[in-house]
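Student: Below you'll find input_14.cif; it's mmCIF, C-alpha atoms and all ligand atoms.
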```
data_data
loop_
_atom_site.label_atom_id
_atom_site.label_comp_id
_atom_site.auth_asym_id
_atom_site.auth_seq_id
_atom_site.Cartn_x
_atom_site.Cartn_y
_atom_site.Cartn_z
CA MET A 1 3.08 -16.46 -8.59
CA GLU A 2 2.27 -12.87 -7.67
CA LEU A 3 -0.56 -11.04 -9.43
CA GLN A 4 1.76 -8.76 -11.38
CA GLU A 5 3.55 -11.80 -12.81
CA ARG A 6 0.23 -13.44 -13.61
CA ARG A 7 -0.90 -10.29 -15.40
CA GLU A 8 2.29 -10.23 -17.47
CA ARG A 9 1.95 -13.90 -18.36
CA LEU A 10 -1.61 -13.38 -19.54
CA SER A 11 -0.69 -10.21 -21.46
CA GLY A 12 1.94 -12.29 -23.25
CA ILE A 13 -0.77 -14.40 -24.90
CA GLU A 14 -3.37 -11.64 -25.16
CA SER A 15 -3.17 -11.03 -28.89
CA GLU A 16 -3.51 -14.73 -29.74
CA LEU A 17 -6.34 -15.11 -27.25
CA ILE A 18 -8.29 -12.24 -28.63
CA SER A 19 -7.64 -12.79 -32.32
CA SER A 20 -8.44 -16.53 -32.21
CA HIS A 21 -11.02 -16.81 -29.47
CA GLY A 22 -12.37 -13.42 -28.37
CA THR A 23 -13.92 -12.86 -24.97
CA PRO A 24 -15.30 -13.93 -22.62
CA ALA A 25 -13.01 -16.93 -22.26
CA TYR A 26 -11.73 -19.06 -19.42
CA VAL A 27 -7.97 -19.47 -19.70
CA PHE A 28 -6.16 -22.19 -17.77
CA PHE A 29 -2.40 -22.61 -17.48
CA GLU A 30 -1.17 -26.19 -17.66
CA ASP A 31 2.00 -25.25 -15.76
CA ASP A 32 0.00 -24.08 -12.75
CA ILE A 33 -1.97 -27.32 -12.51
CA ARG A 34 1.18 -29.43 -12.75
CA GLU A 35 3.00 -27.29 -10.21
CA ASN A 36 0.09 -27.41 -7.75
CA TYR A 37 0.00 -31.19 -7.91
CA ARG A 38 3.78 -31.58 -7.70
CA THR A 39 3.96 -29.34 -4.64
CA LEU A 40 1.34 -31.45 -2.88
CA ARG A 41 2.83 -34.77 -3.97
CA GLY A 42 6.31 -33.56 -2.99
CA ALA A 43 5.13 -32.55 0.49
CA LEU A 44 3.45 -35.93 0.93
CA ASP A 45 6.47 -37.85 -0.33
CA GLU A 46 8.54 -36.11 2.29
CA GLN A 47 6.14 -36.30 5.18
CA TYR A 48 3.66 -39.10 4.57
CA PRO A 49 4.58 -41.20 1.52
CA ASP A 50 1.89 -43.84 2.07
CA SER A 51 -0.76 -41.58 0.60
CA VAL A 52 -2.97 -41.16 -2.47
CA VAL A 53 -4.23 -37.84 -3.83
CA HIS A 54 -7.69 -37.99 -5.38
CA PHE A 55 -8.53 -34.78 -7.24
CA ALA A 56 -12.09 -33.71 -6.38
CA VAL A 57 -13.58 -33.74 -9.88
CA LYS A 58 -16.40 -31.46 -8.76
CA ALA A 59 -13.90 -28.61 -8.60
CA ASN A 60 -13.37 -28.82 -12.36
CA TYR A 61 -14.78 -31.62 -14.47
CA ASN A 62 -13.38 -30.50 -17.80
CA PRO A 63 -11.68 -33.63 -19.21
CA GLY A 64 -8.82 -31.51 -20.60
CA ILE A 65 -8.01 -30.28 -17.10
CA LEU A 66 -8.50 -33.74 -15.61
CA SER A 67 -6.09 -35.28 -18.09
CA VAL A 68 -3.29 -32.96 -16.96
CA LEU A 69 -3.76 -34.24 -13.41
CA ARG A 70 -4.07 -37.83 -14.58
CA ASP A 71 -0.83 -37.38 -16.49
CA GLU A 72 0.81 -36.31 -13.22
CA GLY A 73 -0.32 -39.52 -11.53
CA CYS A 74 -3.14 -37.99 -9.50
CA HIS A 75 -6.20 -40.17 -8.81
CA ALA A 76 -9.75 -38.80 -8.82
CA GLU A 77 -12.66 -38.45 -6.42
CA ALA A 78 -15.96 -38.57 -8.31
CA TYR A 79 -19.06 -37.49 -6.44
CA ALA A 80 -21.69 -38.21 -9.05
CA ARG A 81 -22.20 -40.22 -12.23
CA GLY A 82 -21.36 -37.28 -14.51
CA GLU A 83 -18.06 -36.93 -12.71
CA VAL A 84 -17.32 -40.63 -13.25
CA SER A 85 -17.96 -40.11 -16.98
CA ALA A 86 -15.76 -36.99 -17.04
CA ALA A 87 -12.91 -38.86 -15.37
CA LEU A 88 -13.22 -41.84 -17.72
CA THR A 89 -13.26 -39.44 -20.70
CA ALA A 90 -10.03 -37.99 -19.35
CA GLY A 91 -8.47 -41.45 -19.44
CA TYR A 92 -8.67 -42.42 -15.79
CA GLU A 93 -8.75 -46.12 -15.02
CA PRO A 94 -11.72 -47.11 -12.82
CA GLU A 95 -9.30 -48.33 -10.11
CA GLU A 96 -8.00 -44.76 -9.86
CA LEU A 97 -11.42 -43.46 -8.87
CA LEU A 98 -12.96 -43.06 -5.44
CA LEU A 99 -16.75 -42.76 -5.64
CA THR A 100 -18.25 -40.51 -2.98
CA GLY A 101 -21.70 -38.94 -3.31
CA MET A 102 -25.06 -38.80 -1.60
CA ASN A 103 -28.30 -40.35 -2.84
CA ARG A 104 -26.53 -42.22 -5.60
CA ARG A 105 -28.80 -44.10 -7.98
CA PRO A 106 -28.53 -47.89 -7.55
CA GLU A 107 -27.72 -48.26 -11.28
CA ASP A 108 -24.83 -45.80 -10.93
CA VAL A 109 -23.37 -47.72 -8.02
CA GLU A 110 -23.71 -50.96 -10.01
CA ARG A 111 -22.07 -49.32 -13.02
CA ALA A 112 -19.15 -48.13 -10.89
CA LEU A 113 -18.66 -51.61 -9.42
CA SER A 114 -18.93 -53.30 -12.81
CA LEU A 115 -16.34 -50.90 -14.20
CA GLY A 116 -13.95 -51.81 -11.38
CA VAL A 117 -14.15 -48.86 -8.98
CA GLU A 118 -12.76 -50.24 -5.73
CA TYR A 119 -13.27 -47.57 -3.07
CA LEU A 120 -16.71 -46.14 -2.32
CA LEU A 121 -17.67 -43.70 0.38
CA VAL A 122 -20.76 -44.27 2.47
CA ASP A 123 -22.45 -41.20 3.91
CA ASN A 124 -25.51 -42.81 5.48
CA ALA A 125 -27.13 -46.16 6.25
CA THR A 126 -29.30 -46.15 3.10
CA GLU A 127 -26.26 -45.63 0.93
CA LEU A 128 -24.59 -48.64 2.55
CA GLU A 129 -27.62 -50.88 1.92
CA ARG A 130 -27.66 -49.81 -1.75
CA LEU A 131 -23.98 -50.55 -2.00
CA ILE A 132 -24.38 -53.99 -0.42
CA GLU A 133 -27.18 -54.80 -2.89
CA ALA A 134 -25.08 -53.60 -5.83
CA ALA A 135 -22.09 -55.59 -4.59
CA GLU A 136 -24.21 -58.71 -4.25
CA SER A 137 -25.61 -58.33 -7.75
CA THR A 138 -22.28 -57.58 -9.46
CA GLY A 139 -20.11 -59.93 -7.43
CA ALA A 140 -17.60 -57.14 -6.73
CA ARG A 141 -16.34 -56.70 -3.16
CA PRO A 142 -15.94 -52.93 -2.78
CA LYS A 143 -13.90 -51.27 -0.08
CA VAL A 144 -16.07 -49.02 2.05
CA LEU A 145 -15.04 -45.75 3.67
CA VAL A 146 -17.47 -44.50 6.33
CA ARG A 147 -17.91 -40.72 6.29
CA GLY A 148 -17.91 -39.31 9.80
CA ASN A 149 -19.27 -36.08 11.18
CA PRO A 150 -17.78 -35.10 14.54
CA ALA A 151 -19.78 -31.82 14.72
CA MET A 152 -16.77 -29.53 14.31
CA GLU A 153 -16.57 -25.77 14.10
CA VAL A 154 -15.27 -25.23 10.58
CA PRO A 155 -13.58 -21.92 9.76
CA THR A 156 -15.00 -21.15 6.31
CA HIS A 157 -18.13 -19.91 4.54
CA PRO A 158 -21.10 -21.73 6.16
CA GLU A 159 -22.33 -23.04 2.80
CA VAL A 160 -19.15 -25.03 2.30
CA ALA A 161 -18.63 -26.21 5.89
CA THR A 162 -19.39 -29.92 5.78
CA ALA A 163 -18.58 -31.28 9.23
CA THR A 164 -20.75 -29.09 11.44
CA ARG A 165 -23.66 -30.47 13.43
CA GLU A 166 -26.18 -28.78 11.11
CA THR A 167 -24.91 -30.13 7.80
CA LYS A 168 -26.45 -33.01 5.86
CA PHE A 169 -23.06 -34.70 5.43
CA GLY A 170 -21.54 -37.61 7.29
CA LEU A 171 -22.59 -39.83 10.16
CA ASP A 172 -22.31 -38.38 13.60
CA THR A 173 -19.67 -40.11 15.60
CA ASP A 174 -21.04 -39.13 19.04
CA SER A 175 -24.47 -40.75 18.85
CA GLY A 176 -23.30 -44.15 17.63
CA ARG A 177 -24.80 -43.73 14.14
CA ALA A 178 -21.40 -43.85 12.49
CA MET A 179 -20.49 -46.96 14.48
CA ALA A 180 -23.78 -48.68 13.54
CA VAL A 181 -22.99 -48.18 9.85
CA ALA A 182 -19.41 -49.35 10.36
CA GLU A 183 -20.73 -52.45 12.13
CA ARG A 184 -23.13 -53.23 9.30
CA ALA A 185 -20.29 -52.81 6.75
CA ALA A 186 -17.99 -55.02 8.81
CA SER A 187 -20.59 -57.78 9.06
CA ALA A 188 -21.76 -57.76 5.41
CA PRO A 189 -19.73 -60.32 3.44
CA ALA A 190 -20.35 -58.42 0.17
CA VAL A 191 -18.26 -55.41 1.20
CA GLU A 192 -15.06 -54.73 3.10
CA LEU A 193 -14.89 -52.04 5.77
CA ALA A 194 -11.66 -50.37 4.70
CA GLY A 195 -11.55 -46.93 6.25
CA VAL A 196 -12.98 -43.75 7.64
CA GLN A 197 -13.39 -40.40 5.91
CA LEU A 198 -14.00 -36.81 6.92
CA HIS A 199 -14.23 -33.87 4.55
CA ILE A 200 -14.58 -30.81 6.74
CA GLY A 201 -15.36 -28.27 4.02
CA SER A 202 -13.79 -26.04 1.42
CA GLN A 203 -11.45 -23.00 1.57
CA ILE A 204 -10.49 -23.87 5.14
CA ARG A 205 -8.63 -21.12 6.94
CA GLY A 206 -5.78 -22.44 9.04
CA VAL A 207 -4.22 -25.85 9.59
CA GLU A 208 -5.53 -26.72 13.06
CA PRO A 209 -8.91 -28.00 11.73
CA TYR A 210 -7.01 -30.78 9.94
CA ALA A 211 -5.41 -31.84 13.21
CA VAL A 212 -8.84 -31.93 14.86
CA ALA A 213 -10.25 -33.90 11.92
CA ALA A 214 -7.40 -36.44 12.00
CA ARG A 215 -7.74 -36.94 15.76
CA GLU A 216 -11.51 -37.35 15.54
CA MET A 217 -11.31 -39.92 12.77
CA LEU A 218 -8.49 -41.91 14.34
CA SER A 219 -10.41 -41.98 17.59
CA PHE A 220 -13.34 -43.39 15.59
CA ALA A 221 -10.95 -45.91 13.98
CA ALA A 222 -9.79 -46.98 17.45
CA ASP A 223 -13.42 -47.45 18.52
CA ILE A 224 -14.00 -49.59 15.42
CA ARG A 225 -10.98 -51.71 16.33
CA ASP A 226 -12.13 -52.07 19.95
CA GLU A 227 -15.80 -52.75 19.22
CA LEU A 228 -15.70 -54.59 15.90
CA ASP A 229 -12.21 -56.06 15.93
CA VAL A 230 -11.47 -54.47 12.52
CA GLU A 231 -8.29 -52.46 11.97
CA ILE A 232 -8.97 -49.92 9.23
CA ASP A 233 -6.43 -49.42 6.42
CA VAL A 234 -7.41 -45.98 5.08
CA LEU A 235 -7.81 -42.58 6.67
CA ASP A 236 -9.35 -40.14 4.18
CA LEU A 237 -9.23 -36.49 5.26
CA GLY A 238 -11.03 -35.08 2.20
CA GLY A 239 -10.02 -31.75 0.69
CA GLY A 240 -10.59 -28.12 1.59
CA PHE A 241 -7.10 -26.66 1.11
CA PRO A 242 -7.53 -22.96 0.38
CA VAL A 243 -6.58 -20.66 -2.49
CA PRO A 244 -5.23 -17.14 -1.76
CA TYR A 245 -8.08 -15.05 -3.18
CA GLU A 246 -7.17 -12.20 -0.86
CA GLY A 247 -4.57 -12.41 1.87
CA PRO A 248 -2.26 -15.31 2.61
CA VAL A 249 -3.31 -18.91 3.20
CA PRO A 250 -1.25 -21.77 4.68
CA ASP A 251 1.36 -23.37 2.42
CA THR A 252 0.72 -26.86 1.15
CA GLU A 253 3.78 -28.05 3.10
CA GLU A 254 2.40 -26.56 6.30
CA ILE A 255 -0.97 -28.27 5.91
CA ILE A 256 0.62 -31.62 5.12
CA ALA A 257 3.04 -31.29 8.05
CA GLU A 258 0.12 -30.71 10.42
CA ILE A 259 -1.75 -33.71 9.06
CA ALA A 260 1.30 -36.02 8.99
CA THR A 261 2.41 -35.17 12.52
CA THR A 262 -1.07 -35.52 13.96
CA VAL A 263 -1.72 -38.83 12.24
CA ARG A 264 1.57 -40.30 13.45
CA GLU A 265 1.14 -39.08 17.02
CA THR A 266 -2.52 -40.03 17.31
CA ALA A 267 -2.05 -43.45 15.72
CA ALA A 268 0.71 -44.13 18.28
CA GLU A 269 -1.51 -42.87 21.11
CA PHE A 270 -4.33 -45.25 20.11
CA ASP A 271 -1.93 -48.06 19.23
CA LEU A 272 -3.14 -48.17 15.61
CA SER A 273 -0.94 -49.06 12.67
CA LEU A 274 -0.33 -46.09 10.38
CA PRO A 275 -3.14 -45.92 7.82
CA THR A 276 -2.80 -45.12 4.14
CA LEU A 277 -3.74 -41.46 3.86
CA PHE A 278 -6.23 -40.41 1.18
CA LEU A 279 -6.73 -36.74 0.35
CA GLU A 280 -9.38 -35.25 -1.95
CA PRO A 281 -8.27 -31.71 -2.78
CA GLY A 282 -10.06 -29.80 -5.55
CA ARG A 283 -9.80 -26.05 -5.19
CA ARG A 284 -6.10 -26.03 -4.33
CA LEU A 285 -5.08 -28.00 -7.43
CA VAL A 286 -6.91 -25.89 -10.02
CA GLY A 287 -8.16 -22.68 -8.37
CA ASN A 288 -5.19 -20.52 -9.26
CA ALA A 289 -4.81 -22.10 -12.70
CA GLY A 290 -7.85 -20.43 -14.27
CA THR A 291 -8.69 -16.85 -15.20
CA LEU A 292 -11.78 -15.41 -16.84
CA VAL A 293 -10.78 -12.89 -19.48
CA SER A 294 -13.58 -10.50 -20.22
CA THR A 295 -14.08 -7.22 -22.11
CA VAL A 296 -15.45 -4.01 -20.64
CA GLY A 297 -18.42 -3.13 -22.85
CA VAL A 298 -19.88 -0.26 -20.86
CA VAL A 299 -18.47 2.11 -18.26
CA LYS A 300 -21.39 3.62 -16.45
CA GLU A 301 -21.50 6.32 -13.80
CA THR A 302 -24.42 6.33 -11.38
CA PRO A 303 -25.02 8.63 -8.39
CA HIS A 304 -23.95 5.69 -6.25
CA THR A 305 -20.82 4.38 -8.00
CA ASN A 306 -19.09 3.62 -11.29
CA PHE A 307 -19.88 0.32 -12.97
CA ALA A 308 -17.57 -1.51 -15.34
CA VAL A 309 -19.95 -3.82 -17.21
CA LEU A 310 -18.27 -6.90 -18.68
CA ASP A 311 -19.36 -9.36 -21.36
CA ALA A 312 -19.60 -12.08 -18.66
CA GLY A 313 -20.78 -11.88 -15.08
CA THR A 314 -22.19 -14.15 -12.44
CA ASN A 315 -23.25 -16.53 -15.21
CA ALA A 316 -19.55 -17.34 -15.62
CA VAL A 317 -18.09 -16.90 -12.11
CA SER A 318 -19.82 -16.82 -8.76
CA SER A 319 -19.59 -13.73 -6.59
CA TYR A 320 -18.97 -16.02 -3.64
CA TRP A 321 -15.22 -15.55 -3.28
CA PRO A 322 -13.13 -12.37 -3.51
CA TYR A 323 -11.38 -13.17 -6.77
CA PRO A 324 -8.57 -10.75 -7.64
CA ILE A 325 -9.51 -8.57 -10.61
CA TYR A 326 -7.04 -6.60 -12.71
CA ALA A 327 -6.81 -4.88 -16.08
CA LEU A 328 -4.62 -6.61 -18.64
CA ALA A 329 -3.17 -3.25 -19.67
CA ASP A 330 -1.61 -2.19 -16.41
CA GLY A 331 -1.78 1.35 -15.14
CA GLU A 332 -2.14 3.21 -11.88
CA ARG A 333 -5.14 1.86 -10.00
CA SER A 334 -6.64 5.28 -9.47
CA GLU A 335 -10.36 4.52 -9.93
CA ARG A 336 -12.88 2.32 -8.16
CA TYR A 337 -15.51 0.29 -9.96
CA HIS A 338 -18.23 -2.20 -9.23
CA VAL A 339 -17.34 -4.93 -11.72
CA ALA A 340 -20.66 -6.18 -13.09
CA GLY A 341 -21.89 -8.57 -15.75
CA PRO A 342 -24.53 -8.10 -18.43
CA LEU A 343 -27.34 -10.09 -16.74
CA CYS A 344 -30.81 -8.85 -15.90
CA TYR A 345 -30.58 -8.77 -12.13
CA SER A 346 -28.93 -6.32 -9.77
CA GLY A 347 -26.95 -9.01 -8.02
CA ASP A 348 -24.95 -9.56 -11.20
CA VAL A 349 -21.88 -7.93 -9.69
CA ILE A 350 -18.71 -9.99 -9.53
CA SER A 351 -16.98 -7.66 -7.11
CA GLU A 352 -17.62 -4.25 -5.59
CA ASP A 353 -15.24 -1.32 -5.20
CA VAL A 354 -12.37 -2.75 -7.15
CA SER A 355 -9.38 -0.45 -7.63
CA LEU A 356 -8.51 -0.37 -11.31
CA PRO A 357 -6.88 1.97 -13.82
CA PRO A 358 -9.39 4.31 -15.56
CA LEU A 359 -11.37 2.02 -17.87
CA GLU A 360 -12.94 2.48 -21.22
CA ARG A 361 -14.93 0.37 -23.62
CA GLY A 362 -12.81 -2.43 -25.07
CA ASP A 363 -10.43 -2.80 -22.12
CA LEU A 364 -9.73 -6.33 -21.00
CA LEU A 365 -10.19 -7.40 -17.39
CA ALA A 366 -8.98 -10.61 -15.77
CA VAL A 367 -11.06 -12.20 -13.02
CA ASP A 368 -8.34 -14.35 -11.58
CA ARG A 369 -8.04 -17.62 -9.66
CA ILE A 370 -11.47 -18.78 -10.77
CA GLY A 371 -10.25 -22.24 -11.77
CA ALA A 372 -12.21 -24.16 -9.14
CA TYR A 373 -15.98 -24.61 -9.26
CA SER A 374 -16.62 -21.84 -11.82
CA LEU A 375 -17.15 -24.12 -14.82
CA GLY A 376 -19.53 -26.29 -12.84
CA SER A 377 -21.57 -23.45 -11.43
CA ALA A 378 -21.67 -21.41 -14.66
CA SER A 379 -25.26 -20.90 -15.73
CA HIS A 380 -27.41 -20.05 -18.73
CA THR A 381 -29.08 -17.13 -16.98
CA ASN A 382 -30.59 -14.84 -19.66
CA ALA A 383 -29.82 -17.70 -22.08
CA GLN A 384 -26.20 -16.56 -22.10
CA PRO A 385 -23.96 -19.05 -23.89
CA LYS A 386 -21.10 -20.43 -21.79
CA PRO A 387 -17.62 -19.15 -22.66
CA PRO A 388 -14.97 -21.42 -24.18
CA VAL A 389 -12.31 -23.00 -22.01
CA LEU A 390 -8.74 -22.62 -23.24
CA LEU A 391 -5.65 -24.38 -22.01
CA ALA A 392 -2.38 -22.49 -22.32
CA ARG A 393 -0.03 -25.42 -22.76
CA SER A 394 3.43 -25.77 -21.28
CA ASN A 395 4.77 -25.83 -24.88
CA GLY A 396 3.25 -22.41 -25.66
CA ASP A 397 0.23 -23.65 -27.64
CA ILE A 398 -3.28 -22.61 -26.73
CA ASP A 399 -5.72 -25.51 -27.00
CA VAL A 400 -9.50 -25.21 -26.90
CA ILE A 401 -10.65 -27.70 -24.25
CA ARG A 402 -14.29 -26.68 -24.43
CA ARG A 403 -15.76 -25.03 -27.49
CA PRO A 404 -17.67 -21.78 -27.02
CA GLU A 405 -21.42 -22.23 -26.95
CA ARG A 406 -23.50 -20.48 -29.58
CA ALA A 407 -26.80 -18.86 -28.64
CA GLU A 408 -28.67 -21.77 -30.26
CA ASP A 409 -26.70 -24.30 -28.15
CA VAL A 410 -28.38 -22.93 -25.04
CA VAL A 411 -31.76 -24.22 -26.24
CA ALA A 412 -30.43 -27.25 -28.10
CA ASN A 413 -32.22 -29.76 -25.82
CA ALA A 414 -35.50 -27.84 -25.71
CA GLU A 415 -38.61 -29.07 -27.54
CA VAL A 416 -41.59 -27.03 -28.73
CA PRO A 417 -44.81 -29.11 -28.58
CA ASP A 418 -45.98 -30.03 -32.08
CA ASP A 419 -49.26 -28.14 -31.84
CA LEU A 420 -47.44 -24.94 -30.88
CA GLN A 421 -44.95 -24.98 -33.70
C1 LIG A 501 -16.41 -35.15 -0.44
C2 LIG A 501 -15.61 -34.00 -0.93
N1 LIG A 501 -14.29 -34.19 -1.15
C3 LIG A 501 -13.50 -33.19 -1.60
C4 LIG A 501 -14.02 -31.93 -1.86
C5 LIG A 501 -13.08 -30.88 -2.37
O1 LIG A 501 -13.01 -29.74 -1.62
P1 LIG A 501 -11.95 -28.62 -2.02
O2 LIG A 501 -12.21 -28.25 -3.43
O3 LIG A 501 -12.20 -27.51 -1.09
O4 LIG A 501 -10.59 -29.21 -1.85
C6 LIG A 501 -15.36 -31.68 -1.63
C7 LIG A 501 -15.94 -30.34 -1.86
O5 LIG A 501 -16.45 -29.67 -1.02
C8 LIG A 501 -16.19 -32.74 -1.16
O6 LIG A 501 -17.49 -32.58 -0.95
#
```
Give the structure from the file, written as structure tokens.
Tutor:
Amino acid sequence: MELQERRERLSGIESELISSHGTPAYVFFEDDIRENYRTLRGALDEQYPDSVVHFAVKANYNPGILSVLRDEGCHAEAYARGEVSAALTAGYEPEELLLTGMNRRPEDVERALSLGVEYLLVDNATELERLIEAAESTGARPKVLVRGNPAMEVPTHPEVATATRETKFGLDTDSGRAMAVAERAASAPAVELAGVQLHIGSQIRGVEPYAVAAREMLSFAADIRDELDVEIDVLDLGGGFPVPYEGPVPDTEEIIAEIATTVRETAAEFDLSLPTLFLEPGRRLVGNAGTLVSTVGVVKETPHTNFAVLDAGTNAVSSYWPYPIYALADGERSERYHVAGPLCYSGDVISEDVSLPPLERGDLLAVDRIGAYSLGSASHTNAQPKPPVLLARSNGDIDVIRRPERAEDVVANAEVPDDLQ
């Protein structure tokens, strides 16, 4: 949906939003989430039906959002114990979860196994030993995916590139470390070596990196077959599919076609049977579904620029990605503003030099396509309460899926020592 259409859709619910909930508020559209999932599932059904989509819960762990995806039949990838709880709250069955994560607490691994989580990712040798111990003590026999790292160039922001040589993630396939962990998993009766995984990073530009990733991991799978006599069942290529913050990004169909073709060709080349394909997309399924609606409180001219100061800033959305920003009341974009928040640091600028209609106090701005990662990275800087999360339902209702925090909620868990009261 183009930005103009998105603006009109949001304007259509503006009066209800403002009269019932005020700003700042995160607004998600149920239709977008469903459509994103259906597009991906449809592409897979056409090109690689033997596949399971696990939504990366880290991208948005609000149970209201998760339940829309669960309702569509999407499974979930939970990285940490809080994400397991969020997914269970959303009604996921433990068998629909894939537990990934690094430095997981032994009790959390045991809890996952006792609940019935079947697939667990192993990022390092220590993680595998913890998993074997947990499996022995619970009597479960989990299926292990070994996370590889083939030291790839990954075309994205360096902080979210997760398969480069420098990153902490995965086991390098070149040095034999990945194989050593696979060998240990294959020889431990308490676990089953079921597959290989590679998550190359987030907001990946282009489709070719997925072809490289698939080839690297199938080559590793062929080595496992040759050296350990184990044929793996699952190839997990993680997530990373991008959202069009500015400029075009590859279609879902295009990404899936690249993956499906490469997997088929490479499996044939290595004489492997076709694996079940797991994917773990986050950003792509929810990124465009969410918008932060915020009110301009101050328009301030400085010798350097004009600032539009909103009632939410980098406490609510990161300034990491170039989110589209527009005024809800459309007009000719004849002015340029640095769109800032109210926080006490100069870096509290969501975006610089944004073309907007002339603004005044009370105007509403939309910071769009913020649906992925914003809720999780929102902070209490300056003890700012977190905004509510609203879900614009397919039936026209607007449901509150997270209540707004009050100022006192921010310090609700704090304690003042008795003698200082
Ligand atoms: C293991 C794993 N899987 C999936 C994802 C989801 O990535 P994205 O939201 O870019 O699809 C991430 C996030 O970086 C991740 O670390």
Student: Just give me the gap between CA of Asp348 in chain A and CA of Leu3 in chain A in Å, one decimal is fine.
Tutor: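 Between CA of Asp348 in chain A and CA of Leu3 in chain A the gap is 24.5 Å.
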Student: Which residues are near range 143-145 of chain A? Cut-off 6 Å, all atoms listed in the file, ignore same chain within fewer than 2 positions. Put them as a ChimeraX atom specification.
Tutor: /A:118-121,192-196
Student: Just how far from CA of Ser67 in chain A is CA of Asn395 in chain A, in Å to one decimal?
Tutor: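 Distance between the two atoms: 15.9 Å.
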Student: From the list A:Ser202, A:Asn60, A:Ser377, A:Ser175, which residue is nearest ligand LIG 501 (chain A) when using all atoms listed in the file?
Tutor: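 Result for the nearest residue to ligand LIG 501 (chain A): A:Ser202.
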Student: With all atoms listed in the file as the atoms that count, which of A:Ser394, A:Ser273, A:Thr173, A:Gln197 lies nearest to ligand LIG 501 (chain A)?
Tutor: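 Nearest candidate to ligand LIG 501 (chain A) out of A:Ser394, A:Ser273, A:Thr173, A:Gln197: A:Gln197.
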Student: Write out, as a Markdown table, each residue of chain A that has an atom at most 9 Å from ligand LIG 501 (chain A), together with the closest pair of atoms and their distance in Å to one decimal, counting only C-alpha atoms and all ligand atoms, rows going by chain and rising number.
Tutor:
```
| residue | atom | partner | partner_atom | distance |
| --- | --- | --- | --- | --- |
| A:His54 | CA | A:LIG501 | C3 | 8.4 |
| A:Phe55 | CA | A:LIG501 | C3 | 7.7 |
| A:Ala56 | CA | A:LIG501 | C5 | 5.0 |
| A:Val57 | CA | A:LIG501 | C5 | 8.1 |
| A:Lys58 | CA | A:LIG501 | C7 | 7.0 |
| A:Ala59 | CA | A:LIG501 | O2 | 5.5 |
| A:Glu77 | CA | A:LIG501 | N1 | 7.0 |
| A:Ala78 | CA | A:LIG501 | N1 | 8.6 |
| A:Tyr79 | CA | A:LIG501 | C1 | 7.0 |
| A:Thr100 | CA | A:LIG501 | C1 | 6.2 |
| A:Gly101 | CA | A:LIG501 | C1 | 7.1 |
| A:Leu121 | CA | A:LIG501 | C1 | 8.7 |
| A:Arg147 | CA | A:LIG501 | C1 | 8.9 |
| A:Val160 | CA | A:LIG501 | O5 | 6.3 |
| A:Ala161 | CA | A:LIG501 | O5 | 8.0 |
| A:Thr162 | CA | A:LIG501 | O5 | 7.4 |
| A:Phe169 | CA | A:LIG501 | O6 | 8.7 |
| A:Gln197 | CA | A:LIG501 | C1 | 8.8 |
| A:Leu198 | CA | A:LIG501 | C1 | 7.9 |
| A:His199 | CA | A:LIG501 | C1 | 5.6 |
| A:Ile200 | CA | A:LIG501 | O5 | 8.1 |
| A:Gly201 | CA | A:LIG501 | O5 | 5.3 |
| A:Ser202 | CA | A:LIG501 | O3 | 3.3 |
| A:Gln203 | CA | A:LIG501 | O3 | 5.3 |
| A:Ile204 | CA | A:LIG501 | O3 | 7.4 |
| A:Leu237 | CA | A:LIG501 | N1 | 8.5 |
| A:Gly238 | CA | A:LIG501 | N1 | 4.8 |
| A:Gly239 | CA | A:LIG501 | O4 | 3.6 |
| A:Gly240 | CA | A:LIG501 | O3 | 3.2 |
| A:Phe241 | CA | A:LIG501 | O4 | 5.2 |
| A:Pro242 | CA | A:LIG501 | O3 | 6.7 |
| A:Val243 | CA | A:LIG501 | O3 | 9.0 |
| A:Leu279 | CA | A:LIG501 | C3 | 7.9 |
| A:Glu280 | CA | A:LIG501 | C3 | 4.6 |
| A:Pro281 | CA | A:LIG501 | O4 | 3.5 |
| A:Gly282 | CA | A:LIG501 | O2 | 3.4 |
| A:Arg283 | CA | A:LIG501 | O2 | 3.7 |
| A:Arg284 | CA | A:LIG501 | O4 | 6.0 |
| A:Leu285 | CA | A:LIG501 | O4 | 7.9 |
| A:Val286 | CA | A:LIG501 | O2 | 8.8 |
| A:Gly287 | CA | A:LIG501 | O2 | 8.5 |
| A:Ala372 | CA | A:LIG501 | O2 | 7.0 |
| A:Tyr373 | CA | A:LIG501 | O2 | 7.8 |
```
Student: Could you tell me which of A:Leu343, A:Leu99, A:Val234, A:Ala135 comes closest to Ala383 in chain A if we count all atoms listed in the file?
Tutor: A:Leu343
Student: So that I can see what lies close to Pro357 in chain A, please list as number ranges by chain the residues with an atom at most 10 Å from it, counting all atoms listed in the file and leaving out residues fewer than 2 positions away in the same chain.
Tutor: A: 326-327, 329-337, 354-355, 359-360
Student: Hey, can you check how far CA of Ser15 in chain A sits from CA of Asp71 in chain A?
Tutor: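 Separation between CA of Ser15 in chain A and CA of Asp71 in chain A: 29.2 Å.
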